[in-house]
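Structure data follow from target-v9.tsv (TSV, C-alpha atoms):
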chain	number	residue	atom	x	y	z
A	5	MET	CA	0.00	0.00	0.00
A	6	GLN	CA	1.24	3.46	-0.89
A	7	TYR	CA	0.96	6.23	1.71
A	8	VAL	CA	0.67	9.93	0.92
A	9	ASN	CA	0.18	13.20	2.72
A	10	LEU	CA	-3.52	13.99	2.89
A	11	GLY	CA	-3.68	17.05	0.68
A	12	SER	CA	-1.87	20.03	2.17
A	13	SER	CA	-1.54	18.36	5.56
A	14	THR	CA	1.47	16.30	6.64
A	15	MET	CA	-0.78	13.52	7.97
A	16	LYS	CA	-0.07	10.27	6.13
A	17	VAL	CA	-2.96	8.21	4.79
A	18	SER	CA	-3.30	5.23	2.48
A	19	LYS	CA	-3.57	6.09	-1.22
A	20	VAL	CA	-6.71	3.93	-1.31
A	21	ALA	CA	-9.43	4.92	1.16
A	22	LEU	CA	-12.36	2.79	2.26
A	23	GLY	CA	-15.71	4.44	1.59
A	24	THR	CA	-18.66	3.21	3.65
A	25	MET	CA	-21.69	4.61	1.83
A	26	THR	CA	-22.93	1.15	0.80
A	27	PHE	CA	-22.79	-0.24	4.35
A	28	GLY	CA	-26.27	-1.03	5.59
A	29	LYS	CA	-27.66	-0.67	2.06
A	30	MET	CA	-25.73	-3.18	0.00
A	31	ASN	CA	-23.76	-4.82	2.82
A	32	THR	CA	-24.96	-6.48	5.99
A	33	GLU	CA	-23.15	-5.56	9.20
A	34	LYS	CA	-21.30	-8.87	9.13
A	35	GLU	CA	-20.14	-8.19	5.57
A	36	ALA	CA	-19.15	-4.64	6.46
A	37	PHE	CA	-17.08	-5.89	9.40
A	38	ALA	CA	-15.31	-8.38	7.12
A	39	ILE	CA	-14.54	-5.60	4.61
A	40	MET	CA	-13.16	-3.30	7.32
A	41	ASP	CA	-11.07	-6.14	8.79
A	42	ARG	CA	-9.58	-6.97	5.40
A	43	ALA	CA	-9.01	-3.30	4.56
A	44	ARG	CA	-6.98	-2.97	7.73
A	45	GLU	CA	-4.95	-6.07	6.83
A	46	LEU	CA	-4.24	-4.63	3.38
A	47	GLY	CA	-2.86	-1.44	4.91
A	48	ILE	CA	-5.81	0.87	4.32
A	49	THR	CA	-5.74	3.47	7.07
A	50	TYR	CA	-8.18	6.06	5.71
A	51	PHE	CA	-11.87	5.27	6.40
A	52	ASP	CA	-14.47	7.70	5.05
A	53	THR	CA	-18.05	7.93	6.28
A	54	ALA	CA	-20.80	10.55	6.79
A	55	ASN	CA	-23.48	11.37	9.33
A	56	ASN	CA	-26.25	10.60	6.81
A	57	TYR	CA	-24.99	7.21	5.59
A	58	GLY	CA	-27.14	4.19	6.33
A	59	GLY	CA	-30.31	4.49	4.31
A	60	GLY	CA	-33.38	6.64	3.95
A	61	VAL	CA	-35.60	8.27	6.54
A	62	GLY	CA	-34.94	6.90	10.01
A	63	LEU	CA	-31.78	5.04	8.96
A	64	ARG	CA	-29.37	7.94	8.45
A	65	GLY	CA	-26.48	7.68	10.86
A	66	ARG	CA	-26.61	3.89	10.97
A	67	VAL	CA	-23.18	3.46	9.36
A	68	GLU	CA	-21.46	5.52	12.06
A	69	GLN	CA	-23.14	3.30	14.68
A	70	MET	CA	-22.00	0.22	12.77
A	71	MET	CA	-18.43	1.46	12.72
A	72	ASN	CA	-18.62	2.09	16.47
A	73	ARG	CA	-19.44	-1.57	17.04
A	74	TRP	CA	-16.50	-2.55	14.83
A	75	PHE	CA	-14.16	-0.26	16.78
A	76	ARG	CA	-15.36	-1.84	20.03
A	77	GLU	CA	-14.09	-5.24	18.93
A	78	GLY	CA	-10.69	-4.02	20.06
A	79	ASP	CA	-7.22	-4.74	18.71
A	80	LYS	CA	-6.60	-0.97	18.47
A	81	ARG	CA	-9.00	-0.64	15.55
A	82	ARG	CA	-9.78	3.01	16.23
A	83	GLU	CA	-6.14	3.91	16.80
A	84	SER	CA	-5.13	2.39	13.46
A	85	VAL	CA	-7.68	4.37	11.41
A	86	ILE	CA	-7.61	7.91	10.02
A	87	LEU	CA	-11.33	8.58	10.43
A	88	ALA	CA	-13.24	11.07	8.31
A	89	SER	CA	-16.92	11.94	8.54
A	90	LYS	CA	-19.08	14.58	6.89
A	91	PHE	CA	-21.88	16.93	7.82
A	92	GLY	CA	-24.24	19.27	6.00
A	93	LEU	CA	-26.92	16.94	4.63
A	94	GLU	CA	-30.16	15.89	6.25
A	95	VAL	CA	-30.20	13.70	9.34
A	96	GLU	CA	-33.55	13.75	11.12
A	97	GLU	CA	-32.27	13.63	14.70
A	98	GLU	CA	-30.02	16.63	14.08
A	99	ALA	CA	-32.93	18.96	13.26
A	100	ASP	CA	-34.58	20.97	16.02
A	101	GLY	CA	-37.90	21.84	14.43
A	102	VAL	CA	-36.82	25.32	13.35
A	103	ASN	CA	-33.35	24.72	11.95
A	104	ASP	CA	-33.14	21.68	9.73
A	105	ALA	CA	-29.95	19.63	9.72
A	106	MET	CA	-28.75	20.81	6.31
A	107	GLY	CA	-26.15	23.50	5.80
A	108	LEU	CA	-22.80	24.59	7.16
A	109	SER	CA	-23.61	27.04	9.96
A	110	ALA	CA	-21.62	26.84	13.21
A	111	TYR	CA	-24.80	25.73	14.95
A	112	LYS	CA	-25.32	22.84	12.57
A	113	MET	CA	-21.65	21.92	12.51
A	114	ARG	CA	-21.44	21.61	16.30
A	115	ARG	CA	-24.70	19.67	16.61
A	116	SER	CA	-23.72	17.30	13.82
A	117	LEU	CA	-20.24	16.72	15.22
A	118	GLU	CA	-21.53	15.98	18.73
A	119	ARG	CA	-23.89	13.36	17.36
A	120	SER	CA	-21.33	11.85	14.99
A	121	LEU	CA	-18.79	11.46	17.80
A	122	LYS	CA	-21.45	9.81	19.95
A	123	ARG	CA	-22.56	7.45	17.17
A	124	LEU	CA	-18.94	6.56	16.36
A	125	GLY	CA	-17.96	6.17	20.00
A	126	THR	CA	-14.87	8.34	19.62
A	127	ASP	CA	-13.63	11.64	20.99
A	128	ARG	CA	-12.27	13.06	17.73
A	129	LEU	CA	-12.25	12.93	13.94
A	130	GLU	CA	-9.03	13.25	12.01
A	131	LEU	CA	-10.94	14.90	9.15
A	132	TYR	CA	-14.31	16.67	9.29
A	133	THR	CA	-15.74	17.33	5.83
A	134	MET	CA	-18.40	19.71	4.55
A	135	HIS	CA	-20.60	17.40	2.48
A	136	HIS	CA	-21.79	20.07	0.04
A	137	GLU	CA	-21.17	23.79	-0.31
A	138	ASP	CA	-23.66	26.15	1.35
A	139	ARG	CA	-23.73	29.47	-0.45
A	140	GLN	CA	-25.87	31.01	2.28
A	141	ALA	CA	-23.28	30.37	4.97
A	142	ASN	CA	-20.73	32.96	6.04
A	143	TRP	CA	-17.11	31.82	5.86
A	144	ASP	CA	-16.17	33.77	8.98
A	145	GLU	CA	-18.76	31.69	10.82
A	146	ILE	CA	-17.66	28.40	9.23
A	147	TRP	CA	-13.94	28.89	9.79
A	148	GLY	CA	-14.49	30.28	13.28
A	149	ALA	CA	-16.35	27.10	14.23
A	150	TYR	CA	-13.66	24.91	12.68
A	151	GLU	CA	-10.92	26.80	14.52
A	152	ASN	CA	-12.66	26.30	17.86
A	153	LEU	CA	-13.28	22.57	17.27
A	154	ILE	CA	-9.67	22.04	16.20
A	155	ALA	CA	-8.44	23.93	19.28
A	156	GLN	CA	-10.60	21.62	21.43
A	157	GLY	CA	-9.04	18.56	19.80
A	158	LYS	CA	-12.40	17.28	18.51
A	159	ILE	CA	-11.24	17.45	14.89
A	160	TYR	CA	-7.79	17.74	13.35
A	161	TYR	CA	-8.36	18.92	9.79
A	162	ALA	CA	-11.11	20.46	7.65
A	163	GLY	CA	-12.20	19.09	4.28
A	164	SER	CA	-14.79	19.74	1.62
A	165	SER	CA	-16.82	17.60	-0.76
A	166	ASN	CA	-18.74	18.34	-3.95
A	167	PHE	CA	-17.57	21.96	-4.01
A	168	SER	CA	-17.31	24.10	-7.11
A	169	ALA	CA	-13.86	25.39	-8.00
A	170	TRP	CA	-14.79	29.00	-7.39
A	171	GLU	CA	-16.25	28.22	-3.95
A	172	LEU	CA	-13.08	26.31	-3.09
A	173	CYS	CA	-11.06	29.42	-4.01
A	174	ARG	CA	-13.29	31.66	-1.94
A	175	ALA	CA	-13.05	29.34	1.07
A	176	LYS	CA	-9.25	29.20	0.90
A	177	PHE	CA	-9.01	32.98	0.48
A	178	GLU	CA	-11.17	33.53	3.56
A	179	ALA	CA	-9.11	31.00	5.52
A	180	GLU	CA	-5.85	32.73	4.61
A	181	LYS	CA	-7.25	36.05	5.82
A	182	ARG	CA	-7.62	34.39	9.24
A	183	HIS	CA	-4.15	32.75	9.01
A	184	PHE	CA	-5.98	29.43	9.08
A	185	LEU	CA	-5.08	26.36	7.01
A	186	GLY	CA	-8.64	25.86	5.73
A	187	MET	CA	-9.58	22.66	3.94
A	188	VAL	CA	-6.73	20.28	3.17
A	189	VAL	CA	-8.63	18.06	0.74
A	190	GLU	CA	-11.63	18.20	-1.59
A	191	GLN	CA	-13.61	14.99	-2.12
A	192	HIS	CA	-14.82	14.99	-5.71
A	193	LYS	CA	-16.52	12.64	-8.14
A	194	TYR	CA	-14.13	11.54	-10.88
A	195	ASN	CA	-14.11	8.65	-13.35
A	196	LEU	CA	-13.85	7.94	-17.08
A	197	PHE	CA	-17.44	9.05	-17.62
A	198	CYS	CA	-17.15	12.09	-15.33
A	199	ARG	CA	-14.06	14.12	-16.31
A	200	LEU	CA	-15.41	17.63	-15.76
A	201	PRO	CA	-13.11	18.21	-12.74
A	202	GLU	CA	-10.23	18.45	-15.23
A	203	LEU	CA	-11.68	21.75	-16.51
A	204	GLU	CA	-11.74	23.86	-13.33
A	205	MET	CA	-11.45	21.85	-10.11
A	206	PHE	CA	-8.09	20.17	-10.70
A	207	PRO	CA	-6.24	23.34	-11.72
A	208	ALA	CA	-7.79	25.20	-8.78
A	209	SER	CA	-6.84	22.48	-6.31
A	210	ARG	CA	-3.24	22.51	-7.54
A	211	ALA	CA	-2.97	26.29	-7.24
A	212	LEU	CA	-4.49	26.27	-3.76
A	213	GLY	CA	-2.55	23.28	-2.45
A	214	VAL	CA	-5.75	21.31	-1.78
A	215	GLY	CA	-5.60	17.56	-2.35
A	216	ILE	CA	-8.23	15.66	-4.34
A	217	SER	CA	-9.91	12.56	-2.95
A	218	ALA	CA	-11.62	11.00	-5.94
A	219	TYR	CA	-14.79	9.02	-5.29
A	220	ASN	CA	-16.96	6.87	-7.56
A	221	PRO	CA	-14.02	5.63	-9.69
A	222	LEU	CA	-16.15	2.85	-11.21
A	223	CYS	CA	-19.10	5.16	-11.97
A	224	GLY	CA	-21.46	3.21	-9.74
A	225	GLY	CA	-20.69	-0.06	-11.52
A	226	TYR	CA	-21.02	1.24	-15.08
A	227	LEU	CA	-17.27	0.87	-15.66
A	228	THR	CA	-17.13	-2.77	-14.64
A	229	GLU	CA	-17.28	-6.03	-16.57
A	230	ASN	CA	-21.00	-6.30	-15.66
A	231	ALA	CA	-21.99	-3.02	-17.28
A	232	LEU	CA	-23.19	-4.35	-20.65
A	233	ASN	CA	-25.01	-7.32	-19.12
A	234	PRO	CA	-25.77	-6.27	-15.55
A	235	ARG	CA	-26.70	-8.93	-13.03
A	236	PRO	CA	-29.71	-8.29	-10.77
A	237	GLY	CA	-28.68	-6.64	-7.54
A	238	THR	CA	-25.57	-5.02	-8.98
A	239	ARG	CA	-25.11	-1.26	-9.27
A	240	ALA	CA	-25.06	-1.42	-13.06
A	241	ALA	CA	-28.50	-3.05	-13.05
A	242	GLY	CA	-29.98	0.29	-12.07
A	243	ASP	CA	-31.87	-1.08	-9.06
A	244	ASN	CA	-29.75	0.61	-6.42
A	245	ILE	CA	-28.93	3.96	-4.88
A	246	TYR	CA	-27.20	5.23	-8.04
A	247	SER	CA	-30.09	4.62	-10.44
A	248	LYS	CA	-32.00	7.73	-9.35
A	249	THR	CA	-29.22	10.12	-10.27
A	250	MET	CA	-27.01	8.57	-12.91
A	251	GLY	CA	-29.21	7.73	-15.88
A	252	VAL	CA	-28.84	4.61	-18.00
A	253	TYR	CA	-25.31	3.97	-19.25
A	254	ASN	CA	-26.05	0.84	-21.22
A	255	GLU	CA	-28.16	2.58	-23.86
A	256	GLY	CA	-27.44	4.98	-26.73
A	257	PRO	CA	-24.04	6.69	-27.02
A	258	TYR	CA	-22.96	5.47	-23.59
A	259	ARG	CA	-23.40	1.88	-24.71
A	260	GLU	CA	-21.14	2.53	-27.71
A	261	GLN	CA	-18.43	3.74	-25.35
A	262	LEU	CA	-18.87	0.72	-23.10
A	263	VAL	CA	-18.62	-1.66	-26.08
A	264	ARG	CA	-15.36	-0.04	-27.17
A	265	PHE	CA	-14.09	-0.08	-23.59
A	266	ASP	CA	-14.98	-3.75	-23.25
A	267	LYS	CA	-13.11	-4.58	-26.47
A	268	LEU	CA	-10.02	-2.58	-25.45
A	269	CYS	CA	-9.79	-4.26	-22.05
A	270	LYS	CA	-10.31	-7.77	-23.42
A	271	GLU	CA	-7.60	-7.27	-26.04
A	272	ALA	CA	-5.22	-6.21	-23.26
A	273	GLY	CA	-6.28	-9.08	-21.01
A	274	LEU	CA	-7.54	-6.69	-18.36
A	275	LEU	CA	-10.82	-6.25	-16.48
A	276	GLN	CA	-12.78	-3.05	-17.01
A	277	SER	CA	-13.04	-2.35	-13.28
A	278	ASP	CA	-9.27	-2.69	-12.88
A	279	VAL	CA	-8.60	-0.32	-15.76
A	280	ALA	CA	-11.12	2.25	-14.52
A	281	MET	CA	-9.55	2.21	-11.05
A	282	ALA	CA	-5.99	2.37	-12.38
A	283	TRP	CA	-6.89	5.27	-14.69
A	284	VAL	CA	-8.10	7.40	-11.77
A	285	CYS	CA	-5.00	6.54	-9.73
A	286	HIS	CA	-2.82	7.47	-12.70
A	287	ASN	CA	-3.98	11.11	-12.63
A	288	PRO	CA	-1.34	13.23	-10.86
A	289	TYR	CA	-4.02	15.55	-9.48
A	290	VAL	CA	-5.62	12.69	-7.51
A	291	ASN	CA	-4.29	12.43	-3.98
A	292	VAL	CA	-6.49	9.57	-2.71
A	293	VAL	CA	-9.02	7.25	-4.35
A	294	ILE	CA	-12.09	6.30	-2.30
A	295	ILE	CA	-13.55	2.89	-3.07
A	296	GLY	CA	-16.91	1.45	-2.01
A	297	PRO	CA	-16.59	-2.33	-2.27
A	298	ARG	CA	-19.59	-4.59	-1.74
A	299	THR	CA	-17.45	-7.66	-1.04
A	300	VAL	CA	-14.02	-8.51	0.32
A	301	GLU	CA	-13.08	-9.76	-3.16
A	302	GLN	CA	-13.94	-6.39	-4.70
A	303	LEU	CA	-11.88	-4.68	-2.02
A	304	GLU	CA	-8.85	-6.84	-2.77
A	305	ARG	CA	-9.17	-6.29	-6.51
A	306	SER	CA	-9.44	-2.52	-6.12
A	307	VAL	CA	-6.28	-2.43	-4.03
A	308	ARG	CA	-4.41	-4.48	-6.64
A	309	ALA	CA	-5.78	-2.33	-9.47
A	310	ALA	CA	-4.47	0.82	-7.79
A	311	GLU	CA	-0.97	-0.47	-8.53
A	312	LEU	CA	-1.69	-1.27	-12.20
A	313	LYS	CA	0.35	0.76	-14.69
A	314	LEU	CA	-1.20	1.74	-18.02
A	315	ASP	CA	1.09	2.65	-20.90
A	316	ASP	CA	0.79	5.85	-22.92
A	317	ASP	CA	-0.84	4.21	-25.96
A	318	PHE	CA	-3.49	2.61	-23.77
A	319	LEU	CA	-4.16	5.93	-22.02
A	320	ARG	CA	-4.53	7.70	-25.36
A	321	THR	CA	-7.08	5.13	-26.50
A	322	LEU	CA	-9.04	5.65	-23.28
A	323	ASP	CA	-9.04	9.39	-24.03
A	324	GLU	CA	-10.53	8.64	-27.46
A	325	ILE	CA	-13.28	6.46	-25.96
A	326	PHE	CA	-14.00	8.74	-23.02
A	327	PRO	CA	-13.03	12.25	-24.14
A	328	GLY	CA	-12.68	14.75	-21.34
A	329	PRO	CA	-13.48	18.47	-21.48
A	330	GLY	CA	-10.36	19.12	-23.55
A	331	GLY	CA	-7.99	20.11	-20.79
A	332	GLU	CA	-8.02	23.05	-18.41
A	333	ALA	CA	-9.98	26.26	-18.76
A	334	PRO	CA	-9.67	28.60	-20.57
A	335	LYS	CA	-7.62	26.71	-23.17
A	336	ALA	CA	-10.30	24.02	-23.42
A	337	TYR	CA	-12.80	26.64	-24.63
A	338	MET	CA	-10.65	27.40	-27.67
A	339	ARG	CA	-11.72	24.14	-29.28
A	340	PHE	CA	-15.15	25.57	-30.06
What does the file become when written as structure tokens?
Amino acid sequence: MQYVNLGSSTMKVSKVALGTMTFGKMNTEKEAFAIMDRARELGITYFDTANNYGGGVGLRGRVEQMMNRWFREGDKRRESVILASKFGLEVEEEADGVNDAMGLSAYKMRRSLERSLKRLGTDRLELYTMHHEDRQANWDEIWGAYENLIAQGKIYYAGSSNFSAWELCRAKFEAEKRHFLGMVVEQHKYNLFCRLPELEMFPASRALGVGISAYNPLCGGYLTENALNPRPGTRAAGDNIYSKTMGVYNEGPYREQLVRFDKLCKEAGLLQSDVAMAWVCHNPYVNVVIIGPRTVEQLERSVRAAELKLDDDFLRTLDEIFPGPGGEAPKAYMRF
């Protein structure tokens, strides 16, 4: 396992991070425990969760509780993990009847953190992440709350997720005015089908010194060997949490890309999922790749795939099949 500094921090984490969004939805607790055990054996130190993971209404927060029970099994599980959780999306128990649980105010941040720490059974988080940007929130308020929580030792670093590039710039500018580090890493969706971050987010993150944690490297199962003929119960079958937001990738122009991708991988003797994972890891902008395995076998394969090297000709062919935005802005606009 390769270890890297998490973004602009000097805290070392595994290059591959374990995402827990599917726990409780696509994994039983027993299966989740087996995945976390094996992840630890493989050298994965970075575990990513969120206060709203676990299911729909009444089930949000269940994954943090599940992880607490895993930590309590001992063998220094908690001490061996760099633990990240998120706040800012809806969790019923964190609303008070007037203020809902969504947003990034200091009030919501503190309430969410108190409940996450209780659910996780820990006294601190190594990384506390804003799940989505909140354009109504004041950055003096946000960074003031972060500064206080860091001073109290309840969190160590701040992170963001699903931010726009311009909001990331604004946040870092406001942090620098306070002589505060600000967010060290941005968690962003990135895969062969979703290359928009190359246009604005990646150049911004480099200029600001913010790391990129890429999630959804397999595009919810649409970049796996099951994509063209999905099995029932798999993500690519469209009967899961991704189907509501991702559209159908095995029809129309997307299917043409998947057919070409399938052919390319078979000719090289490689699996589509391995190639998709390796391609994300290959990008120099990507600091960490977050995986969401449903089985121990998928976990093991993803870790192996992270070490796979793709040659320049192969990478160029992938660019032809899955063209990105044409590079960074504003140069990319000159193509039109």
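Straight-line separation from atom CA of Leu87 of chain A to atom CA of Phe51 of chain A: 5.2 Å.
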**OP:** With a distance cut-off of 9 Å and only C-alpha atoms, select the neighbouring residues of Ser116 of chain A, excluding the residue or stretch itself and same-chain residues fewer than 4 positions from it, and output the selection as a list in words.
**Re:** Asn55, Lys90, Phe91, Gly92, Val95, Glu98, Ala105, Tyr111, Lys112, Ser120 and Leu121 of chain A
Can you write just those residues out, C-alpha atoms, as a PDB file, in the frame of the given file?
ATOM      1  CA  ASN A  55     -23.480  11.370   9.330  1.00  0.00           C
ATOM      2  CA  LYS A  90     -19.080  14.580   6.890  1.00  0.00           C
ATOM      3  CA  PHE A  91     -21.880  16.930   7.820  1.00  0.00           C
ATOM      4  CA  GLY A  92     -24.240  19.270   6.000  1.00  0.00           C
ATOM      5  CA  VAL A  95     -30.200  13.700   9.340  1.00  0.00           C
ATOM      6  CA  GLU A  98     -30.020  16.630  14.080  1.00  0.00           C
ATOM      7  CA  ALA A 105     -29.950  19.630   9.720  1.00  0.00           C
ATOM      8  CA  TYR A 111     -24.800  25.730  14.950  1.00  0.00           C
ATOM      9  CA  LYS A 112     -25.320  22.840  12.570  1.00  0.00           C
ATOM     10  CA  SER A 120     -21.330  11.850  14.990  1.00  0.00           C
ATOM     11  CA  LEU A 121     -18.790  11.460  17.800  1.00  0.00           C
TER      12      LEU A 121
END
**OP:** May I ask which of the residues A:Lys176, A:Leu322, A:Thr49, A:Leu10 is the closest one to Gly23 of chain A, counting only C-alpha atoms?
**Re:** A:Thr49
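Here the question is which of A:Cys173, A:Leu212, A:Leu124, A:Val293 gets nearest to Arg76 of chain A using all atoms listed in the file, and that residue is A:Leu124.
In terms of minimum interatomic distance to Leu274 of chain A, A:Glu229 ranks closest within A:Leu153, A:Glu229, A:Gly163, A:Arg298, counting only C-alpha atoms.
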Subject >> Tyr219 of chain A environment, 8 Å, all atoms listed in the file, sequence neighbours closer than 6 positions dropped, as a ChimeraX atom specification >> reply: /A:191-194,293-295
Keeping only C-alpha atoms, take the residues you just selected and write them out as a compact mmCIF listing (two decimals), keeping the file's coordinate frame.
# COMPACT_ATOMS: atom_id res chain seq x y z
CA GLN A 191 -13.61 14.99 -2.12
CA HIS A 192 -14.82 14.99 -5.71
CA LYS A 193 -16.52 12.64 -8.14
CA TYR A 194 -14.13 11.54 -10.88
CA VAL A 293 -9.02 7.25 -4.35
CA ILE A 294 -12.09 6.30 -2.30
CA ILE A 295 -13.55 2.89 -3.07
Quick one: residues within 8 Å of segment 25-32 of chain A, all atoms listed in the file counted, chain neighbours fewer than 4 positions away excluded, as an mmCIF file with C-alpha atoms, in the coordinates of the input?
data_model
loop_
_atom_site.group_PDB
_atom_site.id
_atom_site.type_symbol
_atom_site.label_atom_id
_atom_site.label_comp_id
_atom_site.auth_asym_id
_atom_site.auth_seq_id
_atom_site.Cartn_x
_atom_site.Cartn_y
_atom_site.Cartn_z
ATOM 1 C CA ALA A 36 -19.150 -4.640 6.460
ATOM 2 C CA THR A 53 -18.050 7.930 6.280
ATOM 3 C CA ALA A 54 -20.800 10.550 6.790
ATOM 4 C CA TYR A 57 -24.990 7.210 5.590
ATOM 5 C CA GLY A 58 -27.140 4.190 6.330
ATOM 6 C CA GLY A 59 -30.310 4.490 4.310
ATOM 7 C CA ARG A 66 -26.610 3.890 10.970
ATOM 8 C CA VAL A 67 -23.180 3.460 9.360
ATOM 9 C CA GLY A 296 -16.910 1.450 -2.010
ATOM 10 C CA PRO A 297 -16.590 -2.330 -2.270
ATOM 11 C CA ARG A 298 -19.590 -4.590 -1.740
ATOM 12 C CA THR A 299 -17.450 -7.660 -1.040
#
What would segment 265-277 of chain A look like with N, CA, C and O atoms in place, written as a tab-separated table (two decimals), keeping the file's coordinate frame?
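part.tsv written:
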chain	number	residue	atom	x	y	z
A	265	PHE	N	-14.87	0.13	-24.82
A	265	PHE	CA	-14.09	-0.08	-23.59
A	265	PHE	C	-13.93	-1.57	-23.30
A	265	PHE	O	-12.83	-2.04	-22.97
A	266	ASP	N	-15.01	-2.30	-23.45
A	266	ASP	CA	-14.98	-3.75	-23.25
A	266	ASP	C	-13.97	-4.40	-24.21
A	266	ASP	O	-13.16	-5.25	-23.80
A	267	LYS	N	-14.02	-4.01	-25.45
A	267	LYS	CA	-13.11	-4.58	-26.47
A	267	LYS	C	-11.65	-4.25	-26.14
A	267	LYS	O	-10.77	-5.12	-26.21
A	268	LEU	N	-11.39	-3.00	-25.78
A	268	LEU	CA	-10.02	-2.58	-25.45
A	268	LEU	C	-9.46	-3.38	-24.28
A	268	LEU	O	-8.32	-3.86	-24.34
A	269	CYS	N	-10.26	-3.55	-23.24
A	269	CYS	CA	-9.79	-4.26	-22.05
A	269	CYS	C	-9.56	-5.73	-22.34
A	269	CYS	O	-8.57	-6.32	-21.89
A	270	LYS	N	-10.46	-6.35	-23.10
A	270	LYS	CA	-10.31	-7.77	-23.42
A	270	LYS	C	-9.06	-8.01	-24.26
A	270	LYS	O	-8.35	-9.00	-24.07
A	271	GLU	N	-8.80	-7.13	-25.21
A	271	GLU	CA	-7.60	-7.27	-26.04
A	271	GLU	C	-6.33	-7.16	-25.21
A	271	GLU	O	-5.30	-7.78	-25.53
A	272	ALA	N	-6.39	-6.38	-24.13
A	272	ALA	CA	-5.22	-6.21	-23.26
A	272	ALA	C	-5.17	-7.26	-22.15
A	272	ALA	O	-4.21	-7.29	-21.38
A	273	GLY	N	-6.22	-8.08	-22.07
A	273	GLY	CA	-6.28	-9.08	-21.01
A	273	GLY	C	-6.53	-8.50	-19.65
A	273	GLY	O	-6.08	-9.04	-18.62
A	274	LEU	N	-7.27	-7.39	-19.61
A	274	LEU	CA	-7.54	-6.69	-18.36
A	274	LEU	C	-9.04	-6.61	-18.11
A	274	LEU	O	-9.85	-6.68	-19.04
A	275	LEU	N	-9.43	-6.44	-16.85
A	275	LEU	CA	-10.82	-6.25	-16.48
A	275	LEU	C	-11.16	-4.76	-16.50
A	275	LEU	O	-10.33	-3.93	-16.11
A	276	GLN	N	-12.37	-4.45	-16.92
A	276	GLN	CA	-12.78	-3.05	-17.01
A	276	GLN	C	-12.66	-2.33	-15.67
A	276	GLN	O	-12.22	-1.18	-15.59
A	277	SER	N	-13.09	-2.99	-14.60
A	277	SER	CA	-13.04	-2.35	-13.28
A	277	SER	C	-11.61	-2.04	-12.87
A	277	SER	O	-11.34	-1.00	-12.26
